[in-house]
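Asks: Sharing start_31.pdb, PDB, C-alpha atoms:
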```pdb
MODEL        1
ATOM      1  CA  MET A 294     142.348  64.670  99.119
ATOM      2  CA  PHE A 295     139.935  62.942 101.490
ATOM      3  CA  SER A 296     140.854  60.891 104.565
ATOM      4  CA  THR A 297     141.212  57.142 104.066
ATOM      5  CA  GLU A 298     138.280  56.583 106.427
ATOM      6  CA  LEU A 299     135.995  58.840 104.393
ATOM      7  CA  VAL A 300     136.977  57.169 101.129
ATOM      8  CA  GLN A 301     136.405  53.717 102.631
ATOM      9  CA  THR A 302     132.944  54.734 103.838
ATOM     10  CA  ALA A 303     132.152  56.045 100.345
ATOM     11  CA  GLU A 304     133.419  52.784  98.859
ATOM     12  CA  LYS A 305     131.169  50.685 101.106
ATOM     13  CA  LEU A 306     128.152  52.838 100.290
ATOM     14  CA  LEU A 307     128.785  52.565  96.549
ATOM     15  CA  GLU A 308     129.143  48.795  96.803
ATOM     16  CA  LEU A 309     125.809  48.547  98.630
ATOM     17  CA  CYS A 310     124.188  50.747  95.983
ATOM     18  CA  ARG A 311     125.665  48.723  93.125
ATOM     19  CA  ASN A 312     124.374  45.485  94.653
ATOM     20  CA  LYS A 313     120.891  46.922  94.994
ATOM     21  CA  SER A 314     120.975  48.895  91.699
ATOM     22  CA  ILE A 315     120.386  52.170  93.503
ATOM     23  CA  MET A 316     121.514  55.371  91.785
ATOM     24  CA  LEU A 317     122.417  58.358  93.965
ATOM     25  CA  ALA A 318     122.158  62.122  93.676
ATOM     26  CA  THR A 319     123.270  64.843  96.069
ATOM     27  CA  ALA A 320     121.977  68.305  96.951
ATOM     28  CA  GLU A 321     124.598  70.249  98.833
ATOM     29  CA  SER A 322     124.744  73.640 100.419
ATOM     30  CA  CYS A 323     127.397  73.936 103.153
ATOM     31  CA  THR A 324     129.495  71.048 101.802
ATOM     32  CA  GLY A 325     129.579  72.728  98.387
ATOM     33  CA  GLY A 326     129.970  69.580  96.285
ATOM     34  CA  LEU A 327     132.241  67.530  98.529
ATOM     35  CA  ILE A 328     129.786  64.676  99.087
ATOM     36  CA  ALA A 329     129.581  64.159  95.332
ATOM     37  CA  GLY A 330     133.338  64.731  95.307
ATOM     38  CA  VAL A 331     134.143  61.884  97.686
ATOM     39  CA  LEU A 332     131.668  59.515  96.024
ATOM     40  CA  THR A 333     133.305  60.123  92.634
ATOM     41  CA  GLU A 334     136.766  59.599  94.135
ATOM     42  CA  ILE A 335     135.965  55.893  93.769
ATOM     43  CA  ALA A 336     136.757  54.349  90.376
ATOM     44  CA  GLY A 337     133.598  53.058  88.726
ATOM     45  CA  SER A 338     131.363  55.444  90.673
ATOM     46  CA  SER A 339     129.650  56.486  87.438
ATOM     47  CA  ALA A 340     127.529  53.325  87.719
ATOM     48  CA  VAL A 341     125.987  54.714  90.902
ATOM     49  CA  VAL A 342     126.363  58.516  90.952
ATOM     50  CA  ASP A 343     123.835  60.143  88.641
ATOM     51  CA  ARG A 344     124.368  63.819  89.454
ATOM     52  CA  GLY A 345     124.750  66.476  92.109
ATOM     53  CA  PHE A 346     123.265  69.874  92.794
ATOM     54  CA  VAL A 347     125.463  72.403  94.532
ATOM     55  CA  THR A 348     122.907  74.956  95.635
ATOM     56  CA  TYR A 349     124.837  77.503  97.582
ATOM     57  CA  SER A 350     122.520  80.470  97.123
ATOM     58  CA  ASN A 351     118.814  80.540  98.015
ATOM     59  CA  GLU A 352     118.077  81.283  94.350
ATOM     60  CA  ALA A 353     119.861  78.054  93.418
ATOM     61  CA  LYS A 354     117.868  76.070  96.001
ATOM     62  CA  HIS A 355     114.688  77.431  94.479
ATOM     63  CA  GLU A 356     115.610  77.273  90.790
ATOM     64  CA  ALA A 357     117.627  74.052  90.668
ATOM     65  CA  LEU A 358     115.759  72.042  93.322
ATOM     66  CA  GLY A 359     112.332  73.664  93.426
ATOM     67  CA  VAL A 360     112.536  74.574  97.115
ATOM     68  CA  GLY A 361     109.633  76.973  97.725
ATOM     69  CA  THR A 362     110.671  80.569  98.369
ATOM     70  CA  GLY A 363     107.966  80.580 101.066
ATOM     71  CA  LEU A 364     109.785  77.789 102.918
ATOM     72  CA  LEU A 365     113.115  79.600 102.600
ATOM     73  CA  ASP A 366     111.586  82.813 103.956
ATOM     74  CA  GLN A 367     109.660  81.158 106.771
ATOM     75  CA  TYR A 368     112.142  78.577 108.041
ATOM     76  CA  GLY A 369     115.464  79.801 106.652
ATOM     77  CA  ALA A 370     117.850  77.867 104.425
ATOM     78  CA  VAL A 371     119.280  76.009 107.425
ATOM     79  CA  SER A 372     116.236  74.083 108.581
ATOM     80  CA  ASP A 373     114.709  70.625 108.705
ATOM     81  CA  VAL A 374     112.008  71.678 106.237
ATOM     82  CA  VAL A 375     114.431  73.038 103.621
ATOM     83  CA  ALA A 376     116.797  70.057 103.936
ATOM     84  CA  LYS A 377     113.876  67.714 103.220
ATOM     85  CA  ALA A 378     112.657  69.871 100.320
ATOM     86  CA  MET A 379     116.181  69.854  98.834
ATOM     87  CA  ALA A 380     116.406  66.051  99.048
ATOM     88  CA  GLU A 381     112.952  65.627  97.496
ATOM     89  CA  GLY A 382     113.740  68.182  94.788
ATOM     90  CA  ALA A 383     116.889  66.256  93.861
ATOM     91  CA  LEU A 384     114.876  63.023  93.741
ATOM     92  CA  GLN A 385     112.364  64.558  91.325
ATOM     93  CA  ARG A 386     115.057  66.158  89.170
ATOM     94  CA  SER A 387     117.360  63.183  88.716
ATOM     95  CA  ARG A 388     117.374  59.498  87.890
ATOM     96  CA  ALA A 389     118.430  58.617  91.412
ATOM     97  CA  ALA A 390     116.452  56.310  93.709
ATOM     98  CA  MET A 391     118.008  57.899  96.785
ATOM     99  CA  THR A 392     119.244  61.420  97.422
ATOM    100  CA  VAL A 393     120.970  63.189 100.266
ATOM    101  CA  ALA A 394     120.740  66.901 101.029
ATOM    102  CA  VAL A 395     122.740  68.991 103.480
ATOM    103  CA  THR A 396     122.283  72.552 104.637
ATOM    104  CA  GLY A 397     124.127  74.063 107.563
ATOM    105  CA  ILE A 398     126.332  76.777 108.964
ATOM    106  CA  ALA A 399     129.996  75.936 108.395
ATOM    107  CA  GLY A 400     131.210  79.246 109.802
ATOM    108  CA  PRO A 401     133.146  81.080 110.926
ATOM    109  CA  GLY A 402     130.433  83.696 110.253
ATOM    110  CA  GLY A 403     126.693  83.287 109.840
ATOM    111  CA  GLY A 404     125.868  81.801 113.223
ATOM    112  CA  SER A 405     123.246  83.030 115.710
ATOM    113  CA  ASN A 406     121.869  81.977 119.086
ATOM    114  CA  THR A 407     119.163  79.817 117.572
ATOM    115  CA  LYS A 408     121.295  78.645 114.614
ATOM    116  CA  PRO A 409     124.888  78.401 115.781
ATOM    117  CA  VAL A 410     127.937  77.593 113.661
ATOM    118  CA  GLY A 411     128.079  73.805 113.351
ATOM    119  CA  LEU A 412     124.320  73.326 113.014
ATOM    120  CA  VAL A 413     123.666  71.062 110.021
ATOM    121  CA  TYR A 414     120.513  69.372 108.746
ATOM    122  CA  ILE A 415     120.970  66.234 106.648
ATOM    123  CA  ALA A 416     117.998  64.760 104.799
ATOM    124  CA  THR A 417     117.663  61.602 102.731
ATOM    125  CA  ALA A 418     114.872  60.999 100.260
ATOM    126  CA  PHE A 419     114.100  57.554  98.916
ATOM    127  CA  LYS A 420     111.647  56.663  96.200
ATOM    128  CA  ASN A 421     108.294  55.623  97.710
ATOM    129  CA  GLN A 422     109.567  56.022 101.258
ATOM    130  CA  GLU A 423     109.274  58.800 103.790
ATOM    131  CA  THR A 424     111.943  61.511 103.662
ATOM    132  CA  GLN A 425     114.055  61.547 106.813
ATOM    133  CA  CYS A 426     116.105  64.288 108.438
ATOM    134  CA  ARG A 427     118.815  64.393 111.085
ATOM    135  CA  LYS A 428     119.799  67.500 113.008
ATOM    136  CA  MET A 429     123.507  67.630 113.843
ATOM    137  CA  LEU A 430     125.636  70.023 115.856
ATOM    138  CA  PHE A 431     129.302  69.721 114.912
ATOM    139  CA  GLU A 432     132.307  71.327 116.550
ATOM    140  CA  GLY A 433     135.519  72.656 115.073
ATOM    141  CA  ASP A 434     136.477  75.014 112.282
ATOM    142  CA  ARG A 435     134.874  75.342 108.842
ATOM    143  CA  SER A 436     136.885  72.484 107.377
ATOM    144  CA  ALA A 437     136.190  70.176 110.351
ATOM    145  CA  ILE A 438     132.457  70.925 110.226
ATOM    146  CA  ARG A 439     132.369  70.166 106.500
ATOM    147  CA  SER A 440     134.307  66.891 106.942
ATOM    148  CA  GLN A 441     131.988  65.700 109.706
ATOM    149  CA  THR A 442     128.985  66.616 107.568
ATOM    150  CA  ILE A 443     130.281  64.523 104.651
ATOM    151  CA  ALA A 444     130.868  61.528 106.948
ATOM    152  CA  ALA A 445     127.422  61.862 108.536
ATOM    153  CA  ALA A 446     125.752  62.148 105.116
ATOM    154  CA  LEU A 447     127.450  58.960 103.881
ATOM    155  CA  ASP A 448     126.454  57.137 107.084
ATOM    156  CA  PHE A 449     122.857  58.324 106.774
ATOM    157  CA  MET A 450     122.612  56.971 103.209
ATOM    158  CA  LYS A 451     124.174  53.671 104.294
ATOM    159  CA  ASP A 452     121.634  53.378 107.124
ATOM    160  CA  ARG A 453     118.768  53.883 104.684
ATOM    161  CA  ILE A 454     119.730  50.922 102.521
ATOM    162  CA  THR A 455     120.940  48.398 105.099
TER     163      THR A 455
ATOM    164  CA  MET B  31     141.002  68.414 102.811
ATOM    165  CA  PHE B  32     142.630  70.342  99.963
ATOM    166  CA  SER B  33     146.297  71.296  99.685
ATOM    167  CA  THR B  34     147.273  74.732 100.994
ATOM    168  CA  GLU B  35     148.301  75.742  97.477
ATOM    169  CA  LEU B  36     144.896  74.855  96.039
ATOM    170  CA  VAL B  37     143.058  76.717  98.798
ATOM    171  CA  GLN B  38     145.278  79.784  98.278
ATOM    172  CA  THR B  39     144.560  79.760  94.545
ATOM    173  CA  ALA B  40     140.838  79.521  95.287
ATOM    174  CA  GLU B  41     141.174  82.402  97.749
ATOM    175  CA  LYS B  42     142.882  84.621  95.173
ATOM    176  CA  LEU B  43     140.265  83.819  92.558
ATOM    177  CA  LEU B  44     137.419  84.617  94.949
ATOM    178  CA  GLU B  45     139.037  87.918  95.902
ATOM    179  CA  LEU B  46     139.344  88.885  92.233
ATOM    180  CA  CYS B  47     135.707  87.951  91.682
ATOM    181  CA  ARG B  48     134.527  89.886  94.723
ATOM    182  CA  ASN B  49     136.389  92.993  93.561
ATOM    183  CA  LYS B  50     134.804  92.769  90.129
ATOM    184  CA  SER B  51     131.371  91.606  91.390
ATOM    185  CA  ILE B  52     131.569  88.426  89.348
ATOM    186  CA  MET B  53     129.488  85.446  90.482
ATOM    187  CA  LEU B  54     130.710  81.944  89.592
ATOM    188  CA  ALA B  55     129.093  78.642  88.745
ATOM    189  CA  THR B  56     130.677  75.277  87.994
ATOM    190  CA  ALA B  57     129.752  72.348  85.756
ATOM    191  CA  GLU B  58     131.758  69.296  86.691
ATOM    192  CA  SER B  59     132.032  65.806  85.354
ATOM    193  CA  CYS B  60     135.333  64.092  86.232
ATOM    194  CA  THR B  61     135.990  66.327  89.274
ATOM    195  CA  GLY B  62     132.550  65.446  90.645
ATOM    196  CA  GLY B  63     131.958  68.639  92.616
ATOM    197  CA  LEU B  64     135.473  69.301  93.904
ATOM    198  CA  ILE B  65     135.926  72.637  92.123
ATOM    199  CA  ALA B  66     132.806  73.946  93.867
ATOM    200  CA  GLY B  67     134.111  72.156  96.953
ATOM    201  CA  VAL B  68     137.419  74.024  97.074
ATOM    202  CA  LEU B  69     135.798  77.370  96.256
ATOM    203  CA  THR B  70     133.377  76.960  99.152
ATOM    204  CA  GLU B  71     136.209  75.979 101.500
ATOM    205  CA  ILE B  72     136.817  79.734 101.740
ATOM    206  CA  ALA B  73     134.758  81.578 104.361
ATOM    207  CA  GLY B  74     132.494  84.150 102.725
ATOM    208  CA  SER B  75     132.483  82.320  99.396
ATOM    209  CA  SER B  76     128.688  82.573  99.285
ATOM    210  CA  ALA B  77     129.138  86.146  97.983
ATOM    211  CA  VAL B  78     130.769  84.722  94.843
ATOM    212  CA  VAL B  79     129.678  81.098  94.371
ATOM    213  CA  ASP B  80     126.150  80.910  93.010
ATOM    214  CA  ARG B  81     125.827  77.194  92.326
ATOM    215  CA  GLY B  82     127.360  74.086  90.827
ATOM    216  CA  PHE B  83     126.200  71.315  88.529
ATOM    217  CA  VAL B  84     127.717  67.895  89.056
ATOM    218  CA  THR B  85     126.774  66.191  85.820
ATOM    219  CA  TYR B  86     128.357  62.807  86.028
ATOM    220  CA  SER B  87     126.051  60.932  83.649
ATOM    221  CA  ASN B  88     125.296  61.930  80.056
ATOM    222  CA  GLU B  89     121.630  62.242  81.027
ATOM    223  CA  ALA B  90     122.617  64.802  83.668
ATOM    224  CA  LYS B  91     124.696  66.763  81.140
ATOM    225  CA  HIS B  92     121.674  66.893  78.872
ATOM    226  CA  GLU B  93     118.946  67.480  81.465
ATOM    227  CA  ALA B  94     120.733  69.798  83.899
ATOM    228  CA  LEU B  95     122.908  71.733  81.433
ATOM    229  CA  GLY B  96     121.088  71.358  78.135
ATOM    230  CA  VAL B  97     124.006  69.699  76.341
ATOM    231  CA  GLY B  98     122.549  68.339  73.103
ATOM    232  CA  THR B  99     122.317  64.555  72.939
ATOM    233  CA  GLY B 100     123.525  64.879  69.340
ATOM    234  CA  LEU B 101     126.769  66.475  70.562
ATOM    235  CA  LEU B 102     127.227  63.767  73.190
ATOM    236  CA  ASP B 103     126.690  61.029  70.592
ATOM    237  CA  GLN B 104     128.864  62.622  67.895
ATOM    238  CA  TYR B 105     131.817  63.916  69.936
ATOM    239  CA  GLY B 106     131.551  61.957  73.182
ATOM    240  CA  ALA B 107     131.261  63.419  76.679
ATOM    241  CA  VAL B 108     135.019  64.029  76.832
ATOM    242  CA  SER B 109     135.429  66.583  74.069
ATOM    243  CA  ASP B 110     136.062  70.247  73.420
ATOM    244  CA  VAL B 111     132.530  70.683  72.099
ATOM    245  CA  VAL B 112     130.824  69.156  75.133
ATOM    246  CA  ALA B 113     133.040  71.050  77.613
ATOM    247  CA  LYS B 114     132.040  74.325  75.947
ATOM    248  CA  ALA B 115     128.363  73.347  75.869
ATOM    249  CA  MET B 116     128.515  72.482  79.582
ATOM    250  CA  ALA B 117     130.058  75.870  80.440
ATOM    251  CA  GLU B 118     127.492  77.723  78.340
ATOM    252  CA  GLY B 119     124.647  75.654  79.793
ATOM    253  CA  ALA B 120     125.764  76.567  83.310
ATOM    254  CA  LEU B 121     125.925  80.240  82.315
ATOM    255  CA  GLN B 122     122.349  80.157  81.029
ATOM    256  CA  ARG B 123     121.063  78.221  84.037
ATOM    257  CA  SER B 124     122.589  80.282  86.824
ATOM    258  CA  ARG B 125     123.134  83.839  87.972
ATOM    259  CA  ALA B 126     126.861  83.588  87.356
ATOM    260  CA  ALA B 127     128.792  85.889  85.028
ATOM    261  CA  MET B 128     131.513  83.263  84.561
ATOM    262  CA  THR B 129     131.353  79.494  84.600
ATOM    263  CA  VAL B 130     133.887  76.708  84.333
ATOM    264  CA  ALA B 131     133.199  73.220  83.012
ATOM    265  CA  VAL B 132     135.386  70.132  83.117
ATOM    266  CA  THR B 133     135.011  66.774  81.449
ATOM    267  CA  GLY B 134     137.731  64.183  81.310
ATOM    268  CA  ILE B 135     138.906  60.658  81.953
ATOM    269  CA  ALA B 136     140.173  60.320  85.521
ATOM    270  CA  GLY B 137     140.735  56.563  85.198
ATOM    271  CA  PRO B 138     141.874  54.023  85.936
ATOM    272  CA  GLY B 139     139.324  52.645  83.431
ATOM    273  CA  GLY B 140     137.607  54.352  80.522
ATOM    274  CA  GLY B 141     140.656  55.307  78.498
ATOM    275  CA  SER B 142     141.297  54.537  74.810
ATOM    276  CA  ASN B 143     143.981  55.292  72.226
ATOM    277  CA  THR B 144     142.320  58.482  71.097
ATOM    278  CA  LYS B 145     141.057  59.446  74.561
ATOM    279  CA  PRO B 146     143.592  58.241  77.117
ATOM    280  CA  VAL B 147     143.282  58.394  80.903
ATOM    281  CA  GLY B 148     144.325  61.901  81.942
ATOM    282  CA  LEU B 149     142.685  63.671  78.994
ATOM    283  CA  VAL B 150     140.638  66.577  80.338
ATOM    284  CA  TYR B 151     138.858  69.452  78.612
ATOM    285  CA  ILE B 152     138.296  72.613  80.642
ATOM    286  CA  ALA B 153     136.033  75.333  79.297
ATOM    287  CA  THR B 154     135.195  78.781  80.651
ATOM    288  CA  ALA B 155     132.167  80.766  79.576
ATOM    289  CA  PHE B 156     131.863  84.467  80.258
ATOM    290  CA  LYS B 157     128.858  86.678  79.666
ATOM    291  CA  ASN B 158     129.151  88.447  76.297
ATOM    292  CA  GLN B 159     132.556  86.925  75.570
ATOM    293  CA  GLU B 160     133.657  83.946  73.546
ATOM    294  CA  THR B 161     133.713  80.599  75.345
ATOM    295  CA  GLN B 162     137.232  79.207  75.604
ATOM    296  CA  CYS B 163     138.515  75.663  76.022
ATOM    297  CA  ARG B 164     141.838  74.117  77.041
ATOM    298  CA  LYS B 165     142.824  70.532  76.330
ATOM    299  CA  MET B 166     144.986  69.008  79.058
ATOM    300  CA  LEU B 167     146.754  65.687  79.423
ATOM    301  CA  PHE B 168     147.525  64.929  83.059
ATOM    302  CA  GLU B 169     149.592  62.107  84.501
ATOM    303  CA  GLY B 170     149.183  60.114  87.696
ATOM    304  CA  ASP B 171     146.397  58.192  89.372
ATOM    305  CA  ARG B 172     142.724  59.134  89.587
ATOM    306  CA  SER B 173     143.225  61.388  92.594
ATOM    307  CA  ALA B 174     146.252  63.146  91.036
ATOM    308  CA  ILE B 175     144.400  63.737  87.764
ATOM    309  CA  ARG B 176     141.446  65.211  89.621
ATOM    310  CA  SER B 177     143.689  67.484  91.738
ATOM    311  CA  GLN B 178     145.522  68.793  88.668
ATOM    312  CA  THR B 179     142.180  69.395  86.964
ATOM    313  CA  ILE B 180     140.917  71.484  89.888
ATOM    314  CA  ALA B 181     144.112  73.569  89.890
ATOM    315  CA  ALA B 182     143.967  74.093  86.126
ATOM    316  CA  ALA B 183     140.289  75.085  86.288
ATOM    317  CA  LEU B 184     140.982  77.700  88.981
ATOM    318  CA  ASP B 185     143.927  79.062  86.960
ATOM    319  CA  PHE B 186     141.819  79.234  83.809
ATOM    320  CA  MET B 187     139.133  81.270  85.584
ATOM    321  CA  LYS B 188     141.793  83.578  87.076
ATOM    322  CA  ASP B 189     143.264  84.130  83.609
ATOM    323  CA  ARG B 190     139.867  85.104  82.234
ATOM    324  CA  ILE B 191     139.409  87.954  84.691
ATOM    325  CA  THR B 192     142.952  89.363  84.995
TER     326      THR B 192
ENDMDL
END
```
Take the structure in the file and write it out as structure tokens.
Replies:
Amino acid sequence: MFSTELVQTAEKLLELCRNKSIMLATAESCTGGLIAGVLTEIAGSSAVVDRGFVTYSNEAKHEALGVGTGLLDQYGAVSDVVAKAMAEGALQRSRAAMTVAVTGIAGPGGGSNTKPVGLVYIATAFKNQETQCRKMLFEGDRSAIRSQTIAAALDFMKDRIT
Amino acid sequence: MFSTELVQTAEKLLELCRNKSIMLATAESCTGGLIAGVLTEIAGSSAVVDRGFVTYSNEAKHEALGVGTGLLDQYGAVSDVVAKAMAEGALQRSRAAMTVAVTGIAGPGGGSNTKPVGLVYIATAFKNQETQCRKMLFEGDRSAIRSQTIAAALDFMKDRIT
């Protein structure tokens, strides 16, 4: 289902987490569950993956992750602020020590001059550490943008614990 | 990422849902987010997909979906009863009119005589209708079992609305 490279990256991340006893949770918008999906492709991932939130609608971001409706109105769902709030919401609502959140425009519709198709914010929250966010601009079609987002999210988590 | 056949099935399901104004939510254990993942592979899926719950741990099933710890203890996470409770929990905790829940043993570990690798329960809950459950026994490796589960879950939802 996933490329060998993606699965190997997931495997490495899970091994690092296992060694450090770090549980993970995900909060996904444009990837729609695929980050949790690739993590759980690995046998034995249940020792590391606590849960995932697929918050596709704004209502879901608010209700499931506690993202303020004020933030969603002011900055839009695809923003640095909302990505961070999603990651922190997942941290508070799970048993994970680290969470990753993604929100972006996978296209083909939904893009604008200021927020083009391919724009993705990825945030990681870590217990007792500052939440971080990366702004990405990916190229390609919907599937390519989602694949690159998954890879970048796995890399970001790896960077946080190495 | 997904096979053409799987994406086409997801496309058909989403079209049916759009025509009938039915929003969907997912509650996934062994598929780890991939049902939501294939649904959101389709452009415009945000009109139909409300949210997803990836409840990999028992704690997540209880906390995010309200599955009773008594049910989890008595029947085990991989059971008809828990699959139905997951689907109904997702219905209550989302804006969806129909939800699908899957819980199973994707392997290679975790199997037993009574609950072998490949055993998967898929439940669908529908507003004001009886919750239904199908017991499946899939063959193949972890990835094959997960793919067959996704396909069966999409088919089950299609059957409920046609």
Asks: I'd like the interatomic distance between CA of Gly345 (chain A) and CA of Val374 (chain A), to a tenth of an Å.
Replies: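 Spanning CA of Gly345 (chain A) to CA of Val374 (chain A) is a straight-line distance of 19.7 Å.
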Asks: Excluding same-chain residues fewer than 3 positions from Ala115 (chain B), what lies within 9 Å of it counting all atoms listed in the file, as a short mmCIF file (atom, residue, chain, number, x, y, z; two decimals) with C-alpha atoms, in the frame of the given file?
Replies:
```
data_model
loop_
_atom_site.label_atom_id
_atom_site.label_comp_id
_atom_site.auth_asym_id
_atom_site.auth_seq_id
_atom_site.Cartn_x
_atom_site.Cartn_y
_atom_site.Cartn_z
CA LEU B 95 122.91 71.73 81.43
CA GLY B 96 121.09 71.36 78.14
CA VAL B 97 124.01 69.70 76.34
CA GLY B 98 122.55 68.34 73.10
CA LEU B 101 126.77 66.47 70.56
CA ASP B 110 136.06 70.25 73.42
CA VAL B 111 132.53 70.68 72.10
CA VAL B 112 130.82 69.16 75.13
CA GLU B 118 127.49 77.72 78.34
CA GLY B 119 124.65 75.65 79.79
CA ALA B 120 125.76 76.57 83.31
CA ALA B 131 133.20 73.22 83.01
CA ALA B 153 136.03 75.33 79.30
#
```
Asks: Using Å and a single decimal, report how far CA of Glu334 (chain A) sits from CA of Thr302 (chain A).
Replies: 11.5 Å
Asks: With distances taken over only C-alpha atoms, which residue among B:Asp189, B:Glu169, B:Glu45, B:Asp80 lies nearest chain A?
Replies: B:Asp80
Asks: So, with only C-alpha atoms as the atoms that count, which of A:Thr319, A:Ser372, A:Thr455, A:Asn406 lies closest to chain B?
Replies: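 Smallest distance to chain B is found for A:Thr319.
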Asks: Please check the contacts: residues of chain A at most 6 Å away from chain B, using all atoms listed in the file, listed as a list in words.
Replies: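 Result: Met294, Phe295, Gly325, Gly326, Leu327, Ala329, Gly330, Thr333, Asp343, Arg344, Gly345, Phe346, Val347, Thr348, Tyr349 and Ser350 of chain A.
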Asks: Of the candidates B:Leu36, B:Leu46, B:Leu184, B:Leu54, which one gets nearest to Ala126 (chain B) if we count all atoms listed in the file?
Replies: B:Leu54
Asks: Expand the PyMOL selection byres ((chain B and resi 147-149) around 8) into the explicit residue set it covers here, and present it as a PyMOL selection string.
Replies: chain B and resi 108+134-142+145-146+150-151+165-170+175
Asks: How many Å separate CA of Ala183 (chain B) from CA of Ile152 (chain B)?
Replies: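 About the pair CA of Ala183 (chain B) and CA of Ile152 (chain B): they are 6.5 Å apart.
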Asks: So, counting all atoms listed in the file, which residue among B:Ala113, B:Phe186, B:Lys157, B:Ala127 is closest to Arg48 (chain B)?
Replies: B:Ala127
Asks: As AutoDock Vina command-line options, what would the box around region 338-347 of chain A look like: edges along x, y and z, 3 Å added on every side, centre and edge lengths in Å to one decimal?
Replies:
```
--center_x 127.3 --center_y 62.9 --center_z 91.0 --size_x 14.1 --size_y 25.1 --size_z 13.1
```
Asks: Select all residues near (126.4, 52.9, 102.2) (cut-off 6 Å, inclusive, file coordinates), counting only C-alpha atoms, and output them as a PyMOL selection string.
Replies: chain A and resi 305-306+309+450-451
Asks: Return the single residue from B:Val130, B:Ala181, B:Met53, B:Leu44 that is closest to Ala155 (chain B), with distances computed using only C-alpha atoms.
Replies: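 Smallest separation from Ala155 (chain B) among the options: B:Val130.
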